[in-house]
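Participant: A single structure is presented below for examination.
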Amino acid sequence: MFFWQASVEVEEMKNRKHLIVNKKIIQEINQDVDFGMTVSGFVMYFIILTTGTVLYNSGIHQIDTVEQAAMALKPIAGNLAYLLFAVGVIGTGFIAIPVLSGSISYIFSETFGWEQGLDKKFHEAKGFYVIIAISLLLGLSINYIGISPIQSLIYTAILYGLTAPVLIAMILHISNNKKIMGTNVNGKLSNFLGFSALIIMSVAAIALLYFQLSE
């Protein structure tokens, strides 16, 4: 998401003749972020709640496929479990596929200096679109070569947890750099919350490594 949002924003800026960033725009951005984080927090909470009250109490402590999760939801959703779960998974996929494949393509393109951008045609940014195609094919193949998608998500989440402190530190550094942000550097409250998140995520990452290596 970091790479996706930053890269797409740069593309939009290139297509604007006049770009003016004022307090109103920054306030709207803050409201957008606050709303999005609040909604995602609620979604996360209900996912955890459903997992604990429905799946665990139903005796399902190991889930390797989406079908198993859908079957476990039958006590609540009944025969509509598959339909509800399918709508959720498909909806998530429509959001995640362009973000994930696009992000990795932006990363490769920026690393090797390739032409990039969804606003470009294929012949203008061949490497960019080839990486998107390869990442999509690899993602689809996981389900057919015996790799558990659920386990892959768990390992990916662990990797994100380990890299999160580094990303938070980078964001804090940029947000407090007057050469980059000008007069819009972080305030005391933003820095307090940001450094608190950095400390908590760092401790959590260290604890994760400790418990994993000590088993």
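Just remember, in the structure tokens the first chain shown is A, the second B, etc., residues are 1-based per chain, and ligands are 1-based in the order shown.
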With DSSP run on the backbone, what are the alpha helix (DSSP H) residues within segment 63-193 of chain A? I'd like them as a count of residues only.

Facilitator: 97

Participant: Leaving out Ala86 of chain A and any residue of its chain fewer than 4 positions from it, which residues lie within 10 Å of it when counting only C-alpha atoms, given as a ChimeraX atom specification?

Facilitator: /A:66-67,70,80-82,90-92

Participant: Could you turn the residues from that selection into a file that holds N, CA, C and O atoms, as a PDB file, in the first residue's frame?

Facilitator:
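Below is the file that was written, again.pdb:
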ATOM      1  N   VAL A  66     -10.266 -21.775   1.885  1.00  0.00           N
ATOM      2  CA  VAL A  66     -11.415 -20.886   2.031  1.00  0.00           C
ATOM      3  C   VAL A  66     -12.690 -21.696   2.226  1.00  0.00           C
ATOM      4  O   VAL A  66     -13.595 -21.293   2.962  1.00  0.00           O
ATOM      5  N   GLU A  67     -12.754 -22.872   1.583  1.00  0.00           N
ATOM      6  CA  GLU A  67     -13.941 -23.723   1.718  1.00  0.00           C
ATOM      7  C   GLU A  67     -14.152 -24.157   3.161  1.00  0.00           C
ATOM      8  O   GLU A  67     -15.287 -24.207   3.647  1.00  0.00           O
ATOM      9  N   ALA A  70     -15.665 -21.326   5.068  1.00  0.00           N
ATOM     10  CA  ALA A  70     -17.071 -21.145   4.707  1.00  0.00           C
ATOM     11  C   ALA A  70     -17.947 -22.186   5.393  1.00  0.00           C
ATOM     12  O   ALA A  70     -19.043 -21.872   5.880  1.00  0.00           O
ATOM     13  N   LEU A  80     -26.305 -20.030   3.166  1.00  0.00           N
ATOM     14  CA  LEU A  80     -25.776 -18.868   2.447  1.00  0.00           C
ATOM     15  C   LEU A  80     -24.304 -18.627   2.764  1.00  0.00           C
ATOM     16  O   LEU A  80     -23.729 -17.636   2.309  1.00  0.00           O
ATOM     17  N   ALA A  81     -23.706 -19.516   3.555  1.00  0.00           N
ATOM     18  CA  ALA A  81     -22.317 -19.316   3.963  1.00  0.00           C
ATOM     19  C   ALA A  81     -21.389 -19.199   2.769  1.00  0.00           C
ATOM     20  O   ALA A  81     -20.543 -18.296   2.707  1.00  0.00           O
ATOM     21  N   TYR A  82     -21.553 -20.130   1.819  1.00  0.00           N
ATOM     22  CA  TYR A  82     -20.681 -20.086   0.648  1.00  0.00           C
ATOM     23  C   TYR A  82     -20.874 -18.800  -0.139  1.00  0.00           C
ATOM     24  O   TYR A  82     -19.914 -18.178  -0.590  1.00  0.00           O
ATOM     25  N   ILE A  90     -14.275 -12.521  -3.181  1.00  0.00           N
ATOM     26  CA  ILE A  90     -14.172 -11.904  -4.511  1.00  0.00           C
ATOM     27  C   ILE A  90     -13.982 -10.391  -4.387  1.00  0.00           C
ATOM     28  O   ILE A  90     -13.158  -9.787  -5.081  1.00  0.00           O
ATOM     29  N   GLY A  91     -14.753  -9.777  -3.470  1.00  0.00           N
ATOM     30  CA  GLY A  91     -14.611  -8.337  -3.264  1.00  0.00           C
ATOM     31  C   GLY A  91     -13.222  -7.965  -2.783  1.00  0.00           C
ATOM     32  O   GLY A  91     -12.616  -6.998  -3.264  1.00  0.00           O
ATOM     33  N   THR A  92     -12.705  -8.765  -1.846  1.00  0.00           N
ATOM     34  CA  THR A  92     -11.342  -8.532  -1.361  1.00  0.00           C
ATOM     35  C   THR A  92     -10.322  -8.711  -2.483  1.00  0.00           C
ATOM     36  O   THR A  92      -9.349  -7.954  -2.587  1.00  0.00           O
TER      37      THR A  92
END

Participant: Excluding Leu208 of chain A and residues on its chain fewer than 6 positions from it, collect all residues at most 10 Å away from it, counting only C-alpha atoms, and give them as a ChimeraX atom specification.

Facilitator: /A:158,161-162,202,214

Participant: Between atom CA of Ser141 of chain A and atom CA of Leu209 of chain A, measure the distance and give it in Å to one decimal.

Facilitator: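 Taking atom CA of Ser141 of chain A and atom CA of Leu209 of chain A, their separation equals 29.6 Å.
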
Participant: Just the residues within 12 Å of Tyr129 of chain A, please, counting only C-alpha atoms, with nothing from its chain fewer than 5 positions along; format it as a ChimeraX atom specification.

Facilitator: /A:98,101-106,108-109,114-124,134-136
